[in-house]
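Asker: I'd like to ask you about the structure that follows.
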2 protein chains.
Amino acid sequence: MAPRRATLSDVAQEAGVSMSTASVVFSGKTKVSDATRDRVLAAATALGYTGPDPMAASLRRGRSGIVAVVLEGQLREAFLDPVTIPMMDGLADGVASLGAGILLLRDDPTEDGASALTTAPVDAAVLIGCSTRTRSSLDVLRSRGLPVVVIEGDAGEGIPRITLDNREAAAEIARHVRHLGHTDVVAVTLATDSRRERGGISPDRLARATVDVTVDRLGGVRDVYPDAPAISAATSSIDEGLIAGRALLGAPASRPTAVLAQSDLLAVGVIRAAEEFGLRVPQDLSVAGFDGVRVDGIGDHVLTTMVQPAVEKGRAAGEQVARMLRGEPAASLHFTCLFRAGTTTAPRRP
Amino acid sequence: MAPRRATLSDVAQEAGVSMSTASVVFSGKTKVSDATRDRVLAAATALGYTGPDPMAASLRRGRSGIVAVVLEGQLREAFLDPVTIPMMDGLADGVASLGAGILLLRDDPTEDGASALTTAPVDAAVLIGCSTRTRSSLDVLRSRGLPVVVIEGDAGEGIPRITLDNREAAAEIARHVRHLGHTDVVAVTLATDSRRERGGISPDRLARATVDVTVDRLGGVRDVYPDAPAISAATSSIDEGLIAGRALLGAPASRPTAVLAQSDLLAVGVIRAAEEFGLRVPQDLSVAGFDGVRVDGIGDHVLTTMVQPAVEKGRAAGEQVARMLRGEPAASLHFTCLFRAGTTTAPRRP
DNA sequence: TTGTAAGCGTTATCAT
DNA sequence: ATGATAACGCTTACAA
């Protein structure tokens with residue numbers, strides 16, 4: 001039934017040329033006379049040959065044209081963060097120069113040793129949000145001798161990182177709010193550690209925090225408002241922002257006049273909580289976010305936020321990977337956020 | 001500097017065994033005495049050998065262990081639909097039996113012929129939401145002789161499909177609303193074609209519609225409410241739902257008492273529009289969605305909706321792919337939605 | 001249980 | 001511009 005698929009050697013034979021010539025017709029590495037090219041192509045069509053077998057080519061070249069993206073746990077979790085998706089887009093662009101695709105690998109701790117990490121034919125890997133859990137994945141990849149780049153995480157000695165000016169950016173937006181005259185400011189933060197506990201962040205808790213992004217962004221706020229209280233959300237979502245907002249705005253006496261959220265989603269939740277309490281944003285309450293992602297569902301508001309270059313971060317990771325594969329030295333890259341004035345912050349009312 | 005990486009033959013030599021024995025130690029295909037296994041493993045560690053080269057193994061086996069997922073356009077677009085992500089999770093599970101990973105391929109129409117589709121070392125492919133644009137991708141994949149499965153789309157003769165009972169499900173939720181006594185019902189639909197035009201859907205426009213999901217779900221509604229007006233949103237998002245909701249609820253005279261949205265996101269937007277007009281949901285307006293995804297930001301509401309088995313759809317696609325790769329016959333699979341009563345629908349007020 | 005040997009389908013090198 | 005040939009690193013009958 002299934003007649004063995006045609007190979008390059010079949011095509012060469014049919015066209016009456018050597019394998020090398022046929023190969024070159026498809027790779028374009030060398031000049032070939034138009035006449036022979038046409039003959040080869042015709043033979044290929046006749047035999048239903050659609051081009052060199054990718055696995056054979058990979059073996060020979062030593063390249064598969066695939067870059068792995070290692071994500072923690074379920075894809076659902078990883079993609080919960082709305083910056084992840086544009087970042088992947090950028091990454092796809094960044095590795096496009098290699099003609100490479102992106103292989104999604106779940107960093108599943110339940111795997112027995114021989115996970116896909118060890119057996120996947122990839123040229124390089126990008127780790128996103130490298131945590132202690134991904135740490136072992138890193139070791140596997142490194143021992144395979146694969147180039148690795150880490151986005152928003154510290155992988156240790158000599159591994160190129162793509163980082164963000166979280167602290168400075170947080171400070172910048174805090175200064176914006178201070179400039180508007182606000183003095184009663186509260187920070188709504190992302191999770192401080194993997195326990196994802198909601199609630200106020202005591203100095204003790206802060207000292208134990210393991211999520212750099214959270215610590216850094218809070219640090220930025222406190223560079224400007226050293227005494228700003230902080231309340232942690234469990235995850236970055238509108239609902240969590242709503243919960244934090246309710247906790248924060250429930251008691252009129254202790255109400256802040258501005259809230260600095262560590263993500264846009266949290267900010268939207270806080271705005272929604274404000275609406276519940278009949279507070280107008282920005283007249284009664286200023287709310288700022290972080291990330292600058294497209295947030296669905298805030299209607300006519302434009303969130304005041306720090307826009308992070310998500311696509312560029314991904315692209316940069318891809319480009320560093322590409323460099324390493326070309327044998328060029330790769331660098332760690334640091335990105336900065338851009339302040340975006342929106343309609344959700346306003347001067348403190350007299 | 002970079003001393004050639006150790007190969008299996010190096011390890012075998014070091015351990016004083018044959019290549020085949022060494023190979024078998026890593027693959028576990030055959031029994032090996034504990035003594036020799038230990039020797040081989042020791043040799044491997046000594047030489048820094050981390051296991052068989054995936055590309056070489058792929059070539060030899062004729063399998064790469066990679067399944068491609070072909071998405072239209074930017075990843076951002078593809079992942080805009082919140083059912084896509086759980087579906088990918090299911091897919092990852094479904095192909096796990098192959099030890100396979102998922103390769104994200106963008107179906108980029110700007111590519112010149114030699115796209116990643118032709119050169120990626122994949123064993124099979126899954127097309128999501130197969131449209132006319134993805135149609136050419138399909139041809140490429142087919143001509144490579146790769147097994148292909150299509151989710152929510154029609155790929156034609158003999159290609160296994162994963163489908164959903166869109167029409168029946170839409171009819172079911174419409175019956176629920178009718179049972180509550182509603183007679184003035186409007187449908188808010190997804191895009192009818194790639195032009196993504198907002199606004200009322202005339203019979204003419206419906207006849208020209210190319211998006212099956214939209215047509216089917218509307219058909220289901222009209223099985224119950226033959227004369228229900230329909231208004232199209234440009235995409236499935238809260239903001240689009242808001243826009244449609246405003247258009248629908250602005251004029252008190254012609255206000256429906258129930259809205260059937262074709263996605264949960266649209267439904268949330270409609271609810272928000274209702275809030276803007278001071279309408280209480282569900283007392284003044286019943287709103288139902290479709291999909292049953294976790295929607296962030298509707299606070300205490302639980303959306304009345306048809307829950308579609310997104311994860312299962314993905315898993316099924318993965319399993320069919322796995323079957324085809326084992327040479328077993330693959331089947332098209334049809335999934336059904338489950339009605340979920342929420343707090344956003346209520347009896348029509350007398 | 002272990003060894004022998006034949007490929008898998010390319011591409012790269014070198015010669016012509 | 002084209003051709004001969006040797007790898008690439010492994011898996012798997014099959015033989016011992």
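Chains: A, B, ... in order of the structure tokens. Residues: from 1 per chain. Ligands: from 1, in order shown.
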Please identify every residue of chain C that has at least one atom no farther than 10 Å from an atom of chain A, counting only C-alpha atoms (C1' of nucleotides), and for each give the shortest atom pair and the distance in Å to one decimal, arranged by chain then increasing number, as a tab-separated table.

Answerer:
residue	atom	partner	partner_atom	distance
C:DC8	C1'	A:Ala56	CA	7.6
C:DG9	C1'	A:Ala56	CA	5.0
C:DT10	C1'	A:Ala57	CA	4.9
C:DT11	C1'	A:Arg60	CA	5.9
C:DA12	C1'	A:Arg60	CA	9.0

Asker: Write out, as a compact mmCIF listing (two decimals), in the first residue's frame, the residues just selected, with C-alpha atoms (C1' of nucleotides).

Answerer:
# COMPACT_ATOMS: atom_id res chain seq x y z
C1' DC C 8 17.76 5.99 8.19
C1' DG C 9 18.08 10.48 4.22
C1' DT C 10 20.67 14.07 4.23
C1' DT C 11 24.63 17.54 3.57
C1' DA C 12 29.56 18.85 3.25

Asker: Write out as a CSV table (one decimal) with all heavy atoms, in the first residue's frame every residue belonging to chain D that has an atom at most 12 Å from any atom of chain B, counting only C-alpha atoms (C1' of nucleotides).

Answerer:
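The result, stored in result38.csv:
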chain,number,residue,atom,x,y,z
D,8,DC,P,31.3,11.9,11.9
D,8,DC,OP1,32.3,12.8,12.4
D,8,DC,OP2,31.2,10.6,12.4
D,8,DC,O5',29.9,12.6,12.3
D,8,DC,C5',29.3,13.7,11.6
D,8,DC,C4',27.8,13.7,11.9
D,8,DC,O4',27.1,13.2,10.7
D,8,DC,C3',27.4,12.8,13.0
D,8,DC,O3',27.2,13.6,14.2
D,8,DC,C2',26.0,12.2,12.5
D,8,DC,C1',25.9,12.6,11.1
D,8,DC,N1,25.7,11.5,10.1
D,8,DC,C2,24.7,11.6,9.1
D,8,DC,O2,24.1,12.7,9.1
D,8,DC,N3,24.5,10.6,8.2
D,8,DC,C4,25.3,9.5,8.3
D,8,DC,N4,25.1,8.5,7.5
D,8,DC,C5,26.3,9.4,9.3
D,8,DC,C6,26.4,10.4,10.2
D,9,DG,P,28.0,13.2,15.5
D,9,DG,OP1,28.0,14.3,16.4
D,9,DG,OP2,29.2,12.4,15.2
D,9,DG,O5',27.0,12.1,16.2
D,9,DG,C5',25.7,12.5,16.5
D,9,DG,C4',24.8,11.3,16.7
D,9,DG,O4',24.7,10.6,15.4
D,9,DG,C3',25.4,10.3,17.7
D,9,DG,O3',24.4,10.1,18.7
D,9,DG,C2',25.6,9.0,16.8
D,9,DG,C1',24.6,9.2,15.7
D,9,DG,N9,25.0,8.6,14.5
D,9,DG,C8,26.2,8.4,14.0
D,9,DG,N7,26.2,7.8,12.8
D,9,DG,C5,24.9,7.6,12.5
D,9,DG,C6,24.3,6.9,11.4
D,9,DG,O6,24.8,6.4,10.4
D,9,DG,N1,22.9,7.0,11.5
D,9,DG,C2,22.2,7.5,12.6
D,9,DG,N2,20.8,7.5,12.5
D,9,DG,N3,22.7,8.1,13.6
D,9,DG,C4,24.1,8.1,13.5
D,10,DC,P,24.5,9.0,19.8
D,10,DC,OP1,23.9,9.5,21.0
D,10,DC,OP2,25.8,8.3,19.8
D,10,DC,O5',23.4,8.0,19.2
D,10,DC,C5',22.1,8.4,19.1
D,10,DC,C4',21.3,7.6,18.1
D,10,DC,O4',22.1,7.4,17.0
D,10,DC,C3',20.8,6.3,18.6
D,10,DC,O3',19.5,6.4,19.0
D,10,DC,C2',21.0,5.3,17.5
D,10,DC,C1',21.6,6.2,16.4
D,10,DC,N1,22.8,5.6,15.7
D,10,DC,C2,22.6,4.9,14.5
D,10,DC,O2,21.4,4.7,14.1
D,10,DC,N3,23.6,4.3,13.9
D,10,DC,C4,24.9,4.5,14.4
D,10,DC,N4,25.9,3.9,13.7
D,10,DC,C5,25.1,5.2,15.6
D,10,DC,C6,24.0,5.7,16.2
D,11,DT,P,18.8,5.3,19.9
D,11,DT,OP1,17.7,5.9,20.6
D,11,DT,OP2,19.9,4.6,20.7
D,11,DT,O5',18.3,4.2,18.8
D,11,DT,C5',17.3,4.6,18.0
D,11,DT,C4',16.9,3.5,17.0
D,11,DT,O4',18.1,3.1,16.3
D,11,DT,C3',16.4,2.3,17.7
D,11,DT,O3',15.3,1.8,16.9
D,11,DT,C2',17.6,1.3,17.7
D,11,DT,C1',18.2,1.7,16.3
D,11,DT,N1,19.7,1.5,16.2
D,11,DT,C2,20.2,0.9,15.1
D,11,DT,O2,19.4,0.5,14.2
D,11,DT,N3,21.5,0.8,15.0
D,11,DT,C4,22.5,1.2,15.9
D,11,DT,O4,23.7,1.0,15.8
D,11,DT,C5,21.9,1.8,17.1
D,11,DT,C7,22.8,2.2,18.2
D,11,DT,C6,20.6,1.9,17.2
D,12,DT,P,14.3,0.8,17.5
D,12,DT,OP1,12.9,1.3,17.1
D,12,DT,OP2,14.6,0.5,18.9
D,12,DT,O5',14.6,-0.5,16.6
D,12,DT,C5',14.7,-0.4,15.2
D,12,DT,C4',15.2,-1.6,14.6
D,12,DT,O4',16.7,-1.6,14.7
D,12,DT,C3',14.8,-2.9,15.4
D,12,DT,O3',14.6,-4.0,14.5
D,12,DT,C2',16.0,-3.2,16.3
D,12,DT,C1',17.1,-2.8,15.3
D,12,DT,N1,18.5,-2.5,15.9
D,12,DT,C2,19.6,-2.7,15.1
D,12,DT,O2,19.5,-3.1,14.0
D,12,DT,N3,20.8,-2.4,15.8
D,12,DT,C4,20.9,-2.0,17.1
D,12,DT,O4,22.0,-1.8,17.6
D,12,DT,C5,19.7,-1.9,17.8
D,12,DT,C7,19.7,-1.4,19.3
D,12,DT,C6,18.5,-2.1,17.2
D,13,DA,P,13.1,-4.4,14.1
D,13,DA,OP1,13.0,-4.2,12.7
D,13,DA,OP2,12.2,-3.8,15.1
D,13,DA,O5',13.0,-6.0,14.4
D,13,DA,C5',14.1,-6.7,14.4
D,13,DA,C4',14.6,-7.0,12.9
D,13,DA,O4',15.9,-6.3,12.8
D,13,DA,C3',14.9,-8.5,12.7
D,13,DA,O3',14.9,-8.8,11.4
D,13,DA,C2',16.3,-8.6,13.3
D,13,DA,C1',16.9,-7.2,13.1
D,13,DA,N9,17.7,-6.8,14.2
D,13,DA,C8,17.2,-6.4,15.4
D,13,DA,N7,18.1,-6.0,16.3
D,13,DA,C5,19.3,-6.2,15.6
D,13,DA,C6,20.6,-6.0,16.0
D,13,DA,N6,21.0,-5.5,17.2
D,13,DA,N1,21.6,-6.3,15.1
D,13,DA,C2,21.2,-6.7,13.9
D,13,DA,N3,20.0,-6.9,13.4
D,13,DA,C4,19.1,-6.7,14.4

Asker: Any idea what's packed within 10 Å of Ala120 in chain B, counting only C-alpha atoms (C1' of nucleotides), ignoring anything in its chain fewer than 5 positions away? Could you give it as a ChimeraX atom specification?

Answerer: /A:53-55,58,64-66,99-101 /B:64,66-68,103,105,115

Asker: Which residues in range 72-177 of chain A does DSSP call strand (DSSP E)? List them as a ChimeraX atom specification.

Answerer: /A:72,101-107,124-128,148-151,161-164

Asker: May I have the residues within 9 Å of Ile298 in chain B as a PyMOL selection string, using only C-alpha atoms (C1' of nucleotides) and disregarding those fewer than 6 positions away in the same chain?

Answerer: (chain A and resi 238-239) or (chain B and resi 268+271-272)

Asker: I need the residues in range 99-336 of chain A that are alpha helix (DSSP H) according to DSSP; give them as a PyMOL selection string.

Answerer: chain A and resi 116-119+132-143+166-179+203-208+212-224+238-249+264-276+310-325

Asker: Expressed in Å to a single decimal, how great is the separation between CA of Thr257 in chain B and CA of Arg349 in chain B?

Answerer: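 Atom-to-atom, CA of Thr257 in chain B and CA of Arg349 in chain B are spaced 8.8 Å apart.
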
Asker: Just the residues within 12 Å of DG3 in chain D, please, counting only C-alpha atoms (C1' of nucleotides), with nothing from its chain fewer than 3 positions along; format it as a list in words.

Answerer: Ala12, Gly16, Val17, Ser18, Met19, Ser20, Thr21, Ala22 and Ser23 of chain A; DT13, DC14, DA15 and DT16 of chain C

Asker: Can you list, as a ChimeraX atom specification, every protein, DNA or RNA residue that comes within 6 Å of range 312-318 of chain B when you count only C-alpha atoms (C1' of nucleotides), leaving out same-chain residues fewer than 3 positions away?

Answerer: /B:87-88,90-91,93-95,309,321

Asker: Would you mind exporting the chosen residues as a compact mmCIF listing (two decimals), in the first residue's frame, restricted to N, CA and C atoms?

Answerer:
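Result written to again17.txt:
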# COMPACT_ATOMS: atom_id res chain seq x y z
N MET B 87 -7.58 24.07 25.62
CA MET B 87 -7.55 23.08 24.55
C MET B 87 -6.12 22.61 24.29
N MET B 88 -5.21 23.55 24.32
CA MET B 88 -3.81 23.18 24.11
C MET B 88 -3.31 22.31 25.26
N GLY B 90 -5.12 20.18 26.88
CA GLY B 90 -5.64 18.86 26.60
C GLY B 90 -4.82 18.19 25.51
N LEU B 91 -4.49 18.96 24.52
CA LEU B 91 -3.69 18.44 23.42
C LEU B 91 -2.35 17.93 23.92
N ASP B 93 -1.72 16.83 26.81
CA ASP B 93 -1.98 15.55 27.47
C ASP B 93 -2.16 14.45 26.44
N GLY B 94 -2.96 14.75 25.43
CA GLY B 94 -3.33 13.74 24.46
C GLY B 94 -2.13 13.16 23.72
N VAL B 95 -1.16 13.98 23.46
CA VAL B 95 0.00 13.48 22.73
C VAL B 95 1.09 13.01 23.69
N PRO B 309 -16.42 21.28 26.42
CA PRO B 309 -15.30 20.49 26.96
C PRO B 309 -14.01 20.81 26.22
N VAL B 321 -4.42 11.82 16.86
CA VAL B 321 -3.10 11.92 16.26
C VAL B 321 -2.27 10.70 16.66

Asker: Figure out the distance between CA of Val122 in chain B and CA of Thr118 in chain A, please, to one decimal in Å.

Answerer: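 Separating CA of Thr118 in chain A from CA of Val122 in chain B is a distance of 17.1 Å.
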
Asker: List as a list in words the protein and nucleic acid residues near DA16 in chain D, meaning an atom at most 12 Å away when only C-alpha atoms (C1' of nucleotides) are counted, but skip any in the same chain fewer than 4 places from it.

Answerer: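 Residues meeting the cut-off are DT1, DT2, DG3 and DT4 of chain C.
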
Asker: So the first atom is CA of Pro86 in chain A and the second is CA of Ala124 in chain A; what is the distance between them in Å, to one decimal place?

Answerer: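 Interatomic distance, CA of Pro86 in chain A to CA of Ala124 in chain A: 20.1 Å.
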